[in-house]
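J.: Structure file data16.cif (mmCIF, C-alpha atoms and all ligand atoms) right here:
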```cif
data_work
loop_
_atom_site.label_atom_id
_atom_site.label_comp_id
_atom_site.auth_asym_id
_atom_site.auth_seq_id
_atom_site.Cartn_x
_atom_site.Cartn_y
_atom_site.Cartn_z
CA MET A 1 28.61 46.83 16.95
CA LYS A 2 26.63 43.71 15.98
CA LEU A 3 28.96 41.35 14.20
CA LEU A 4 27.98 38.25 12.26
CA VAL A 5 30.97 35.93 11.93
CA THR A 6 30.67 32.88 9.69
CA GLY A 7 32.98 29.89 10.13
CA GLY A 8 33.72 31.00 13.69
CA ALA A 9 34.22 27.43 14.91
CA GLY A 10 37.20 26.94 12.60
CA PHE A 11 40.83 27.88 13.11
CA ILE A 12 41.00 31.57 12.19
CA GLY A 13 37.32 32.34 12.92
CA SER A 14 37.56 31.10 16.52
CA ASN A 15 40.79 33.04 17.08
CA PHE A 16 39.03 36.11 15.63
CA ILE A 17 35.99 35.81 17.93
CA LEU A 18 38.22 35.43 21.00
CA TYR A 19 40.30 38.42 19.83
CA MET A 20 37.29 40.71 19.25
CA LEU A 21 35.67 39.84 22.60
CA ARG A 22 38.99 40.63 24.32
CA GLN A 23 39.40 43.91 22.42
CA TYR A 24 35.88 45.38 22.59
CA PRO A 25 33.67 45.23 25.71
CA ASP A 26 30.57 46.31 23.73
CA VAL A 27 30.80 44.05 20.67
CA GLU A 28 28.01 41.49 20.08
CA ILE A 29 28.93 38.45 18.01
CA THR A 30 26.76 35.84 16.31
CA ASN A 31 28.83 32.89 15.17
CA VAL A 32 27.26 31.06 12.20
CA ASP A 33 28.88 27.72 11.48
CA SER A 34 27.57 24.45 10.06
CA LEU A 35 30.23 22.48 12.01
CA THR A 36 31.86 20.51 9.22
CA TYR A 37 34.80 18.26 10.10
CA ALA A 38 36.82 21.50 10.59
CA GLY A 39 34.39 23.22 12.96
CA ASN A 40 35.08 22.66 16.64
CA LEU A 41 33.11 24.46 19.34
CA GLU A 42 35.69 23.36 21.89
CA ASN A 43 37.82 26.26 20.58
CA LEU A 44 35.24 28.66 22.04
CA LYS A 45 34.59 26.94 25.36
CA SER A 46 36.04 29.85 27.33
CA ILE A 47 33.38 32.28 26.03
CA GLU A 48 30.33 30.05 25.51
CA THR A 49 28.44 31.70 28.38
CA ASP A 50 29.56 35.25 27.54
CA PRO A 51 26.33 37.27 27.09
CA ARG A 52 27.89 39.06 24.09
CA TYR A 53 28.25 35.78 22.17
CA THR A 54 25.65 33.60 20.38
CA PHE A 55 26.15 30.48 18.28
CA SER A 56 23.92 29.30 15.44
CA LYS A 57 24.50 25.98 13.72
CA THR A 58 23.61 27.10 10.21
CA ASP A 59 24.92 26.37 6.74
CA ILE A 60 25.74 29.56 4.83
CA THR A 61 24.15 28.11 1.69
CA ASN A 62 20.76 27.98 3.45
CA ALA A 63 19.28 31.31 2.30
CA GLN A 64 16.18 31.04 4.47
CA GLU A 65 18.02 30.46 7.75
CA ILE A 66 20.65 33.06 6.86
CA GLY A 67 17.84 35.57 6.18
CA THR A 68 16.38 34.89 9.63
CA LEU A 69 19.75 35.52 11.28
CA PHE A 70 20.16 38.83 9.46
CA ARG A 71 16.71 40.01 10.59
CA GLN A 72 18.07 40.46 14.15
CA GLY A 73 19.98 43.51 12.78
CA ILE A 74 23.60 43.08 11.75
CA ASP A 75 26.14 45.89 11.33
CA VAL A 76 29.14 43.95 10.03
CA VAL A 77 29.62 40.53 8.38
CA VAL A 78 32.98 38.75 8.34
CA ASN A 79 32.90 35.64 6.18
CA PHE A 80 35.45 33.03 7.25
CA ALA A 81 33.22 30.04 6.42
CA ALA A 82 34.88 27.96 3.76
CA GLU A 83 36.19 24.61 2.79
CA SER A 84 39.85 25.46 3.34
CA HIS A 85 42.12 22.49 2.62
CA VAL A 86 43.72 22.27 -0.83
CA ASP A 87 44.24 18.46 -0.75
CA ARG A 88 40.56 17.90 0.03
CA SER A 89 39.58 20.17 -2.88
CA ILE A 90 41.46 17.86 -5.24
CA MET A 91 39.34 14.95 -3.99
CA GLU A 92 35.95 16.72 -3.81
CA PRO A 93 35.78 20.03 -5.68
CA ASP A 94 31.97 20.15 -5.50
CA VAL A 95 31.74 20.94 -1.77
CA PHE A 96 34.26 23.73 -2.30
CA VAL A 97 32.17 25.38 -5.01
CA ARG A 98 29.04 24.97 -2.92
CA THR A 99 30.35 26.66 0.22
CA ASN A 100 32.98 29.03 -1.14
CA VAL A 101 31.03 30.31 -4.16
CA LEU A 102 27.31 29.70 -3.53
CA GLY A 103 27.61 30.30 0.22
CA THR A 104 29.28 33.66 -0.47
CA GLN A 105 26.46 34.64 -2.82
CA VAL A 106 23.82 33.78 -0.20
CA LEU A 107 25.61 35.95 2.37
CA LEU A 108 25.98 38.82 -0.11
CA ASP A 109 22.26 38.72 -0.91
CA ALA A 110 21.39 38.82 2.79
CA ALA A 111 23.92 41.63 3.45
CA LYS A 112 22.38 43.62 0.59
CA ALA A 113 18.77 43.00 1.66
CA HIS A 114 19.53 44.07 5.24
CA ASN A 115 21.79 47.05 4.44
CA VAL A 116 24.82 45.97 6.46
CA LYS A 117 27.45 48.65 7.03
CA LYS A 118 30.35 46.41 6.06
CA TYR A 119 30.88 42.99 4.50
CA VAL A 120 34.41 41.56 4.79
CA GLN A 121 35.34 38.54 2.68
CA VAL A 122 38.27 36.65 4.18
CA SER A 123 40.20 35.40 1.19
CA THR A 124 43.65 34.06 0.47
CA ASP A 125 46.87 34.77 -1.41
CA GLU A 126 46.27 31.48 -3.24
CA VAL A 127 43.86 33.22 -5.64
CA TYR A 128 46.92 34.87 -7.26
CA GLY A 129 48.44 31.50 -8.23
CA SER A 130 52.16 30.85 -7.93
CA LEU A 131 55.20 33.15 -7.94
CA GLY A 132 58.60 32.51 -9.51
CA ASN A 133 61.79 33.10 -7.54
CA THR A 134 61.27 36.86 -7.33
CA GLY A 135 58.44 39.36 -6.85
CA LEU A 136 55.49 39.53 -4.47
CA PHE A 137 51.70 39.46 -4.81
CA THR A 138 50.13 42.93 -4.75
CA GLU A 139 46.40 43.70 -4.87
CA LEU A 140 46.84 44.30 -8.61
CA THR A 141 48.31 40.86 -9.36
CA PRO A 142 45.89 39.07 -11.75
CA LEU A 143 43.89 36.19 -10.31
CA ALA A 144 45.29 32.85 -11.53
CA PRO A 145 44.12 30.12 -9.13
CA ASN A 146 45.56 26.63 -9.64
CA SER A 147 43.57 24.37 -7.29
CA PRO A 148 39.82 23.81 -6.98
CA TYR A 149 40.15 25.41 -3.53
CA SER A 150 41.76 28.61 -4.78
CA ALA A 151 39.48 28.72 -7.84
CA SER A 152 36.43 28.55 -5.56
CA LYS A 153 37.86 31.29 -3.32
CA ALA A 154 38.52 33.43 -6.41
CA GLY A 155 34.92 32.82 -7.52
CA GLY A 156 33.69 34.08 -4.15
CA ASP A 157 35.94 37.14 -4.39
CA LEU A 158 34.61 38.02 -7.84
CA LEU A 159 31.03 37.93 -6.56
CA VAL A 160 31.99 40.21 -3.67
CA ARG A 161 33.55 42.67 -6.12
CA ALA A 162 30.45 42.52 -8.33
CA TYR A 163 28.06 43.24 -5.43
CA HIS A 164 30.09 46.38 -4.70
CA GLU A 165 30.15 47.53 -8.32
CA THR A 166 26.54 46.64 -9.13
CA PHE A 167 24.68 47.22 -5.87
CA GLY A 168 27.06 49.51 -3.97
CA LEU A 169 27.46 46.98 -1.14
CA PRO A 170 30.15 48.26 1.27
CA VAL A 171 32.65 45.42 0.94
CA ASN A 172 36.30 44.62 1.50
CA ILE A 173 38.27 41.56 0.46
CA THR A 174 41.30 40.54 2.50
CA ARG A 175 43.90 38.15 1.08
CA CYS A 176 46.17 36.71 3.71
CA SER A 177 49.16 34.40 3.50
CA ASN A 178 49.46 31.08 5.39
CA ASN A 179 48.41 31.31 9.03
CA TYR A 180 49.71 29.31 11.99
CA GLY A 181 48.87 29.27 15.70
CA PRO A 182 46.48 27.67 18.23
CA TYR A 183 43.39 25.68 17.11
CA GLN A 184 44.63 24.94 13.59
CA PHE A 185 43.20 21.64 12.38
CA PRO A 186 45.94 18.99 12.27
CA GLU A 187 45.65 18.43 8.53
CA LYS A 188 47.56 21.66 7.76
CA LEU A 189 51.36 21.56 7.50
CA ILE A 190 52.46 22.90 10.91
CA PRO A 191 50.01 21.14 13.28
CA LEU A 192 50.18 17.96 11.17
CA MET A 193 53.95 17.82 11.49
CA ILE A 194 53.88 18.64 15.22
CA SER A 195 51.29 15.96 16.01
CA ARG A 196 52.96 13.29 13.87
CA ALA A 197 56.44 14.05 15.23
CA LEU A 198 55.12 13.75 18.79
CA ASN A 199 53.80 10.29 17.88
CA ASP A 200 57.11 9.36 16.14
CA GLN A 201 55.23 8.93 12.85
CA PRO A 202 56.76 9.69 9.43
CA LEU A 203 56.35 13.32 8.27
CA PRO A 204 54.99 13.48 4.70
CA VAL A 205 56.83 16.24 2.80
CA TYR A 206 55.43 16.83 -0.68
CA GLY A 207 57.78 16.85 -3.68
CA ASP A 208 61.24 18.24 -2.91
CA GLY A 209 60.13 20.23 0.16
CA MET A 210 61.31 23.46 -1.48
CA ASN A 211 57.87 25.05 -1.99
CA ILE A 212 57.70 28.38 -0.22
CA ARG A 213 54.91 29.75 1.96
CA ASP A 214 54.72 33.14 3.69
CA TRP A 215 53.73 32.55 7.33
CA LEU A 216 51.73 34.85 9.61
CA TYR A 217 50.70 34.29 13.23
CA VAL A 218 46.90 34.00 13.38
CA GLU A 219 46.44 36.86 15.86
CA ASP A 220 48.15 39.24 13.43
CA HIS A 221 45.64 38.18 10.77
CA CYS A 222 42.83 38.95 13.26
CA SER A 223 44.18 42.42 14.04
CA ALA A 224 44.38 43.18 10.30
CA ILE A 225 40.75 42.16 9.74
CA ASP A 226 39.68 44.27 12.73
CA LEU A 227 41.45 47.26 11.17
CA VAL A 228 39.85 46.64 7.76
CA ILE A 229 36.38 46.53 9.38
CA ARG A 230 36.98 49.91 10.98
CA GLN A 231 39.08 51.73 8.38
CA GLY A 232 38.97 49.82 5.09
CA GLN A 233 37.84 51.87 2.09
CA ASN A 234 34.71 50.32 0.61
CA GLY A 235 35.38 48.22 -2.49
CA GLU A 236 39.09 47.78 -1.73
CA VAL A 237 41.19 44.62 -1.52
CA TYR A 238 43.88 44.38 1.20
CA ASN A 239 46.71 41.86 1.16
CA ILE A 240 47.83 40.64 4.59
CA GLY A 241 51.27 39.16 5.26
CA GLY A 242 54.31 39.58 7.48
CA ASN A 243 57.20 39.17 4.96
CA ASN A 244 58.09 35.79 6.35
CA GLU A 245 58.84 33.28 3.60
CA ARG A 246 60.09 29.79 4.44
CA THR A 247 60.52 26.56 2.48
CA ASN A 248 58.42 23.68 3.77
CA ILE A 249 61.51 21.67 4.65
CA GLN A 250 62.82 24.57 6.78
CA ILE A 251 59.54 24.52 8.72
CA VAL A 252 59.58 20.76 9.19
CA LYS A 253 63.22 20.74 10.35
CA ALA A 254 62.57 23.63 12.77
CA ILE A 255 59.66 21.68 14.32
CA LEU A 256 61.77 18.52 14.68
CA LYS A 257 64.59 20.49 16.29
CA GLU A 258 62.25 22.18 18.77
CA LEU A 259 60.69 18.83 19.72
CA GLY A 260 64.06 17.04 19.90
CA LYS A 261 62.96 14.50 17.27
CA PRO A 262 65.20 13.02 14.54
CA GLU A 263 65.20 14.21 10.92
CA SER A 264 64.92 10.55 9.90
CA LEU A 265 61.14 11.00 10.42
CA ILE A 266 61.05 13.12 7.23
CA THR A 267 59.50 11.13 4.36
CA TYR A 268 59.34 12.66 0.90
CA VAL A 269 56.03 11.69 -0.73
CA GLN A 270 54.44 12.26 -4.11
CA ASP A 271 53.85 15.94 -4.81
CA ARG A 272 50.42 17.60 -4.55
CA PRO A 273 48.98 17.98 -8.09
CA GLY A 274 49.07 21.63 -9.23
CA HIS A 275 51.25 22.46 -6.19
CA ASP A 276 51.99 26.21 -6.16
CA ARG A 277 55.74 26.78 -5.86
CA ARG A 278 55.92 30.04 -3.99
CA TYR A 279 53.67 32.56 -2.24
CA GLY A 280 54.85 35.97 -1.01
CA ILE A 281 52.64 38.87 0.02
CA ASP A 282 53.37 42.56 -0.39
CA PRO A 283 51.41 44.09 2.55
CA ALA A 284 52.39 47.72 1.73
CA LYS A 285 48.80 48.90 1.12
CA LEU A 286 47.66 47.69 4.55
CA THR A 287 50.75 48.90 6.39
CA GLN A 288 50.96 52.29 4.66
CA GLU A 289 47.27 53.20 4.21
CA LEU A 290 45.85 51.66 7.38
CA GLY A 291 48.96 51.54 9.59
CA TRP A 292 48.82 47.78 10.32
CA LYS A 293 51.86 46.13 11.90
CA PRO A 294 52.20 42.45 12.83
CA LYS A 295 53.25 41.86 16.46
CA HIS A 296 54.60 38.33 16.34
CA HIS A 297 58.00 37.23 15.04
CA PHE A 298 58.06 33.81 13.44
CA GLU A 299 60.84 32.47 15.69
CA THR A 300 58.82 33.12 18.85
CA GLY A 301 55.42 32.45 17.24
CA ILE A 302 56.39 28.97 16.11
CA LYS A 303 57.80 28.13 19.54
CA GLU A 304 54.58 29.32 21.22
CA THR A 305 52.54 27.32 18.73
CA ILE A 306 54.52 24.13 19.37
CA ARG A 307 54.11 24.75 23.12
CA TRP A 308 50.33 25.14 22.60
CA TYR A 309 50.08 21.79 20.79
CA LEU A 310 52.17 20.14 23.53
CA ASP A 311 49.84 21.58 26.18
CA HIS A 312 46.65 20.69 24.27
CA GLN A 313 47.28 17.10 23.19
CA GLU A 314 43.71 16.14 24.14
CA TRP A 315 42.36 18.77 21.74
CA TRP A 316 44.07 17.28 18.72
CA THR A 317 43.97 13.61 19.69
CA ARG A 318 40.17 13.85 19.90
CA ILE A 319 40.13 15.29 16.40
CA GLN A 320 42.36 12.54 15.06
CA SER A 321 39.64 9.90 14.87
CA GLY A 322 36.69 8.87 12.69
CA ALA A 323 36.25 10.80 9.47
CA TYR A 324 39.67 12.38 9.85
CA GLN A 325 41.35 8.96 9.76
CA ASP A 326 39.29 7.82 6.76
CA TYR A 327 40.44 10.89 4.91
CA TYR A 328 44.07 10.10 5.62
CA ALA A 329 43.67 6.53 4.40
CA LYS A 330 42.30 7.89 1.11
CA GLN A 331 44.99 10.54 0.82
CA TYR A 332 48.09 8.48 1.58
CA GLY A 333 46.93 4.85 1.26
CA GLU A 334 49.64 2.47 2.41
CA ARG A 335 52.47 4.97 1.98
CA LEU A 336 52.61 6.04 5.61
P1 LIG B 1 38.87 26.07 8.76
O1 LIG B 1 38.72 24.99 7.77
O2 LIG B 1 39.65 25.83 10.00
O3 LIG B 1 37.43 26.60 9.24
C1 LIG B 1 36.36 26.76 8.36
C2 LIG B 1 35.08 26.87 9.18
O4 LIG B 1 33.99 27.09 8.27
C3 LIG B 1 34.75 25.60 9.98
O5 LIG B 1 34.37 25.94 11.29
C4 LIG B 1 33.57 25.00 9.20
O6 LIG B 1 32.69 24.26 10.03
C5 LIG B 1 32.91 26.24 8.63
N1 LIG B 1 32.12 25.95 7.41
C6 LIG B 1 32.52 25.25 6.32
N2 LIG B 1 31.52 25.18 5.42
C7 LIG B 1 30.47 25.87 5.95
C8 LIG B 1 29.16 26.15 5.50
N3 LIG B 1 28.70 25.72 4.31
N4 LIG B 1 28.36 26.90 6.30
C9 LIG B 1 28.79 27.34 7.52
N5 LIG B 1 30.01 27.08 8.00
C10 LIG B 1 30.85 26.35 7.22
O7 LIG B 1 39.46 27.30 7.94
P2 LIG B 1 40.48 28.45 8.40
O8 LIG B 1 41.85 27.98 8.16
O9 LIG B 1 40.06 28.96 9.72
O10 LIG B 1 40.16 29.55 7.27
C11 LIG B 1 39.15 30.51 7.47
C12 LIG B 1 39.05 31.39 6.24
O11 LIG B 1 40.31 32.03 6.03
C13 LIG B 1 38.75 30.63 4.96
O12 LIG B 1 37.85 31.41 4.20
C14 LIG B 1 40.09 30.50 4.27
O13 LIG B 1 39.93 30.47 2.87
C15 LIG B 1 40.78 31.78 4.71
N6 LIG B 1 42.24 31.74 4.79
C16 LIG B 1 42.88 30.77 5.50
C17 LIG B 1 44.27 30.79 5.62
C18 LIG B 1 45.02 29.73 6.41
O14 LIG B 1 46.24 29.71 6.39
N7 LIG B 1 44.34 28.86 7.14
C19 LIG B 1 45.01 31.79 4.98
C20 LIG B 1 44.32 32.77 4.25
C21 LIG B 1 42.94 32.74 4.18
O1 LIG B 2 51.34 16.80 4.55
C1 LIG B 2 51.71 17.85 3.99
N1 LIG B 2 52.94 17.92 3.41
C2 LIG B 2 53.40 19.02 2.76
O2 LIG B 2 54.54 19.04 2.26
C3 LIG B 2 50.85 19.00 3.90
C4 LIG B 2 49.46 18.97 4.50
C5 LIG B 2 51.32 20.10 3.25
N2 LIG B 2 52.56 20.11 2.67
C6 LIG B 2 52.99 21.34 1.96
C7 LIG B 2 52.03 21.85 0.92
C8 LIG B 2 52.24 23.34 0.96
O3 LIG B 2 53.34 23.71 0.13
O4 LIG B 2 53.07 22.38 2.93
C9 LIG B 2 52.62 23.62 2.41
C10 LIG B 2 51.46 24.11 3.26
O5 LIG B 2 50.38 23.23 3.02
P1 LIG B 2 48.94 23.42 3.70
O6 LIG B 2 49.11 23.49 5.18
O7 LIG B 2 48.03 22.41 3.12
O8 LIG B 2 48.59 24.91 3.24
P2 LIG B 2 48.44 25.57 1.79
O9 LIG B 2 48.15 24.59 0.75
O10 LIG B 2 49.63 26.48 1.60
O11 LIG B 2 47.12 26.47 2.06
C11 LIG B 2 46.95 27.18 3.31
O12 LIG B 2 47.26 28.54 3.18
C12 LIG B 2 46.40 29.34 2.41
C13 LIG B 2 45.53 27.02 3.84
O13 LIG B 2 45.21 25.64 3.95
C14 LIG B 2 44.55 27.74 2.94
O14 LIG B 2 43.23 27.67 3.51
C15 LIG B 2 44.95 29.18 2.83
O15 LIG B 2 44.14 29.84 1.91
#
```
Starting from the file, give its structure as structure tokens.

T.:
Amino acid sequence: MKLLVTGGAGFIGSNFILYMLRQYPDVEITNVDSLTYAGNLENLKSIETDPRYTFSKTDITNAQEIGTLFRQGIDVVVNFAAESHVDRSIMEPDVFVRTNVLGTQVLLDAAKAHNVKKYVQVSTDEVYGSLGNTGLFTELTPLAPNSPYSASKAGGDLLVRAYHETFGLPVNITRCSNNYGPYQFPEKLIPLMISRALNDQPLPVYGDGMNIRDWLYVEDHCSAIDLVIRQGQNGEVYNIGGNNERTNIQIVKAILKELGKPESLITYVQDRPGHDRRYGIDPAKLTQELGWKPKHHFETGIKETIRWYLDHQEWWTRIQSGAYQDYYAKQYGERL
């Protein structure tokens, strides 16, 4: 199988490439990534000389270069490439629309022109908006995105759907809940809190800390995508989640406890505008129709993740410089 993975230098994409190369001796992977602030080839150091793996520094909005890459013959496309951080989307929505909407359309056109056997769009539960205290997102929940990030992801999803309906492109859309695990950029809740706690810096908790996210270990997301590639019914959407809802403050306190750091580091800061209150995924379609089962329990997964960040301090301290710092100054000003 010749696989074209976009965004493979990011958090989930790099975990997915490592997972697929471990799983399948005969897979060939081309990783297409423009290396934005979130792309880090260090994540893939262990396989950079693997003959089954090729990297191309290419922007998915560049139709000409994308066309050239598809001409080598591609069986399956998995599109992870995206601007992925909600807070950044509030500051600069335009780059989100460019990559997440226009980039998706460029990939769909190339997939159509070159008759790929499967196109998988890696999307998010955030396209469904926010839940109240009860209920879960199913694949039939109407799209109601609340941030420029989730709106741009929903825009991409709608194009994917349209290319199936109009051109018969063999697509799937996956919508996963919040991921955690190795190589997650330290702007996202869990690695941000781990890295700041280790440096005895205040931990910025938005609003009242009672927003709920549904957490899944990244490798379980990868195994679900692998299954969708092989067994997903064309045109179908699959929700991915491990029934693991936690409030943000629970997560932050668990990290502090594990690291032996005081709760006095917790600092409540102004809420994120448009902050979704609760996400919760109903994964029944994936578990019942395709037989997917997550392997990792949160209690052990979070401990392993904290251990990984402790063992890889160089990885995240190198990231925490330059543009990353400028972004934090803009985001929090003098508050931290
Ligand atoms: P990430 O920000 O860590 O990685 C994104 C990658 O895409 C980076 O390597 C970046 O360089 C690359 N990229 C960005 N713009 C590009 C462009 N124009 N052309 C080529 N490459 C480009 O993101 P992530 O957390 O790994 O998320 C991957 C995908 O999974 C995204 O589509 C995201 O919406 C989705 N998702 C993420 C989560 C989560 O919890 N992180 C949950 C559900 C779905
Ligand atoms: O400093 C923080 N303080 C805080 O309280 C940060 C960065 C976050 N939060 C809160 C906001 C959210 O309720 O923690 C929760 C998780 O925040 P993020 O890590 O920014 O993730 P979220 O906004 O839930 O989106 C993530 O999951 C869905 C990914 O970033 C998306 O790419 C994915 O689609």

J.: Which residues of chain A have any atom within 7 Å of an atom in ligand LIG 1 (chain B) when counting all atoms listed in the file, and what is the closest pair of atoms for each, with the distance in Å to one decimal? Order the rows by chain and rising number and write it as a Markdown table.

T.:
```
| residue | atom | partner | partner_atom | distance |
| --- | --- | --- | --- | --- |
| A:Thr6 | CA | B:LIG1 | N5 | 6.1 |
| A:Gly7 | CA | B:LIG1 | O4 | 3.5 |
| A:Gly8 | CA | B:LIG1 | O5 | 5.6 |
| A:Ala9 | CA | B:LIG1 | O5 | 3.9 |
| A:Gly10 | CA | B:LIG1 | O5 | 3.3 |
| A:Phe11 | CA | B:LIG1 | O9 | 3.6 |
| A:Ile12 | CA | B:LIG1 | O9 | 3.7 |
| A:Gly13 | CA | B:LIG1 | O9 | 5.4 |
| A:Val32 | CA | B:LIG1 | C9 | 6.2 |
| A:Asp33 | CA | B:LIG1 | N5 | 3.7 |
| A:Ser34 | CA | B:LIG1 | C9 | 4.0 |
| A:Leu35 | CA | B:LIG1 | O6 | 3.6 |
| A:Thr36 | CA | B:LIG1 | O6 | 3.9 |
| A:Tyr37 | CA | B:LIG1 | O6 | 6.4 |
| A:Ala38 | CA | B:LIG1 | C3 | 4.6 |
| A:Gly39 | CA | B:LIG1 | O5 | 3.2 |
| A:Asn40 | CA | B:LIG1 | O5 | 6.3 |
| A:Thr58 | CA | B:LIG1 | C9 | 5.8 |
| A:Asp59 | CA | B:LIG1 | N4 | 3.5 |
| A:Ile60 | CA | B:LIG1 | N4 | 4.0 |
| A:Thr61 | CA | B:LIG1 | N3 | 5.8 |
| A:Asn79 | CA | B:LIG1 | O12 | 6.8 |
| A:Phe80 | CA | B:LIG1 | C12 | 4.1 |
| A:Ala81 | CA | B:LIG1 | O4 | 3.6 |
| A:Ala82 | CA | B:LIG1 | C6 | 4.4 |
| A:Glu83 | CA | B:LIG1 | C6 | 5.1 |
| A:Ser84 | CA | B:LIG1 | O1 | 4.6 |
| A:His85 | CA | B:LIG1 | O1 | 6.7 |
| A:Thr99 | CA | B:LIG1 | N3 | 4.5 |
| A:Gly103 | CA | B:LIG1 | N3 | 6.2 |
| A:Val122 | CA | B:LIG1 | O12 | 5.3 |
| A:Ser123 | CA | B:LIG1 | C21 | 4.9 |
| A:Thr124 | CA | B:LIG1 | C21 | 4.0 |
| A:Asp125 | CA | B:LIG1 | C20 | 6.5 |
| A:Lys153 | CA | B:LIG1 | O13 | 6.6 |
| A:Arg175 | CA | B:LIG1 | C20 | 6.3 |
| A:Cys176 | CA | B:LIG1 | C20 | 4.4 |
| A:Ser177 | CA | B:LIG1 | C19 | 5.1 |
| A:Asn178 | CA | B:LIG1 | O14 | 3.6 |
| A:Asn179 | CA | B:LIG1 | O14 | 3.8 |
| A:Tyr180 | CA | B:LIG1 | O14 | 6.6 |
| A:Gln184 | CA | B:LIG1 | O2 | 6.2 |
| A:Phe185 | CA | B:LIG1 | O2 | 6.0 |
```

J.: Taking all atoms listed in the file into account, which of A:Glu92, A:Glu304, A:Asp276, A:Asp282 comes nearest A:Gly132?

T.: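 Looking only at the distances to A:Gly132, the closest residue turns out to be A:Asp276.
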
J.: Show me, as a tab-separated table, the residues of chain A having an atom within 9 Å of ligand LIG 2 (chain B), each with the closest atom pair and its distance in Å, using all atoms listed in the file.

T.:
```
residue	atom	partner	partner_atom	distance
A:Ala82	CA	B:LIG2	O14	8.4
A:Glu83	CA	B:LIG2	O14	7.7
A:Ser84	CA	B:LIG2	O14	4.0
A:His85	CA	B:LIG2	O13	4.6
A:Val86	CA	B:LIG2	O9	5.2
A:Asp87	CA	B:LIG2	O7	6.7
A:Ser123	CA	B:LIG2	O15	6.9
A:Thr124	CA	B:LIG2	O15	4.5
A:Asp125	CA	B:LIG2	O15	6.5
A:Glu126	CA	B:LIG2	O15	5.8
A:Val127	CA	B:LIG2	O15	8.3
A:Tyr149	CA	B:LIG2	O14	8.0
A:Ser150	CA	B:LIG2	O15	7.2
A:Lys153	CA	B:LIG2	O15	8.3
A:Arg175	CA	B:LIG2	O15	8.4
A:Cys176	CA	B:LIG2	O15	7.4
A:Ser177	CA	B:LIG2	C12	5.9
A:Asn178	CA	B:LIG2	O12	4.0
A:Asn179	CA	B:LIG2	O12	6.6
A:Tyr180	CA	B:LIG2	O6	9.0
A:Pro186	CA	B:LIG2	C4	8.5
A:Glu187	CA	B:LIG2	C4	5.6
A:Lys188	CA	B:LIG2	O6	3.5
A:Leu189	CA	B:LIG2	O6	3.8
A:Ile190	CA	B:LIG2	O6	6.7
A:Pro191	CA	B:LIG2	O6	8.5
A:Leu192	CA	B:LIG2	C4	6.8
A:Met193	CA	B:LIG2	O1	7.5
A:Leu203	CA	B:LIG2	O1	7.1
A:Pro204	CA	B:LIG2	O1	4.9
A:Val205	CA	B:LIG2	O2	3.7
A:Tyr206	CA	B:LIG2	O2	3.8
A:Gly207	CA	B:LIG2	O2	7.1
A:Asp208	CA	B:LIG2	O2	8.5
A:Gly209	CA	B:LIG2	O2	6.1
A:Met210	CA	B:LIG2	O3	8.1
A:Asn211	CA	B:LIG2	O3	5.2
A:Ile212	CA	B:LIG2	O3	6.4
A:Arg213	CA	B:LIG2	O10	6.2
A:Asp214	CA	B:LIG2	O10	8.6
A:Trp215	CA	B:LIG2	O12	8.7
A:Thr247	CA	B:LIG2	O3	8.1
A:Asn248	CA	B:LIG2	O4	5.6
A:Ile249	CA	B:LIG2	O2	7.8
A:Ile251	CA	B:LIG2	O4	8.9
A:Val252	CA	B:LIG2	O2	8.7
A:Tyr268	CA	B:LIG2	O2	8.1
A:Val269	CA	B:LIG2	O2	8.1
A:Asp271	CA	B:LIG2	O2	7.8
A:Arg272	CA	B:LIG2	C7	7.1
A:His275	CA	B:LIG2	O3	6.8
A:Asp276	CA	B:LIG2	O3	6.9
A:Arg277	CA	B:LIG2	O3	7.1
A:Arg278	CA	B:LIG2	O3	8.0
A:Tyr279	CA	B:LIG2	O10	8.2
```

J.: Would you list the residues near (55.4, 41.7, 15.8) (no more than 10 Å away, in the coordinates of the file, using all atoms listed in the file) as a ChimeraX atom specification?

T.: /A:216-217,220,242,293-298,300-301

J.: Can you pull out the residues contacting A:Tyr163? Cut-off 12 Å, using all atoms listed in the file, and skip same-chain residues under 4 positions away; I want them as a list in words.

T.: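 Residues near the query, excluding close chain neighbours: Thr104, Gln105, Val106, Leu107, Leu108, Asp109, Ala110, Ala111, Lys112, Ala113, Tyr119, Gln121, Gly156, Asp157, Leu158, Leu159, Phe167, Gly168, Leu169, Pro170, Val171, Asn172, Ile173, Asn234 and Gly235 of chain A.
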
J.: Would you pick out the contacts of A:Phe16 at 9 Å or less, using all atoms listed in the file, so that residues sharing its chain but fewer than 3 positions from it are not included, and give the list as a list in words?

T.: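 Skipping anything fewer than 3 positions along the chain leaves Val5, Gly8, Phe11, Ile12, Gly13, Tyr19, Met20, Leu21, Val218, Glu219, His221, Cys222, Ser223, Ile225 and Asp226 of chain A.
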
J.: Enter the distance from atom CA of A:Glu65 to atom CA of A:Thr174, in Å, rounded to one decimal.

T.: 25.9 Å

J.: What does the distance from atom CA of A:Ser147 to atom CA of A:Val101 come to in Å, to one decimal?

T.: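 Going from atom CA of A:Ser147 over to atom CA of A:Val101 covers 14.2 Å.
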
J.: Counting all atoms listed in the file, figure out which residue out of A:Gln288, A:Gln72, A:Lys303, A:Val78 gets nearest to A:Lys118.

T.: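 Result for the nearest residue to A:Lys118: A:Val78.
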
J.: One decimal, Å: what's the distance from atom CA of A:Ile229 over to atom CA of A:Val77, could you say?

T.: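 A separation of 9.1 Å between them.
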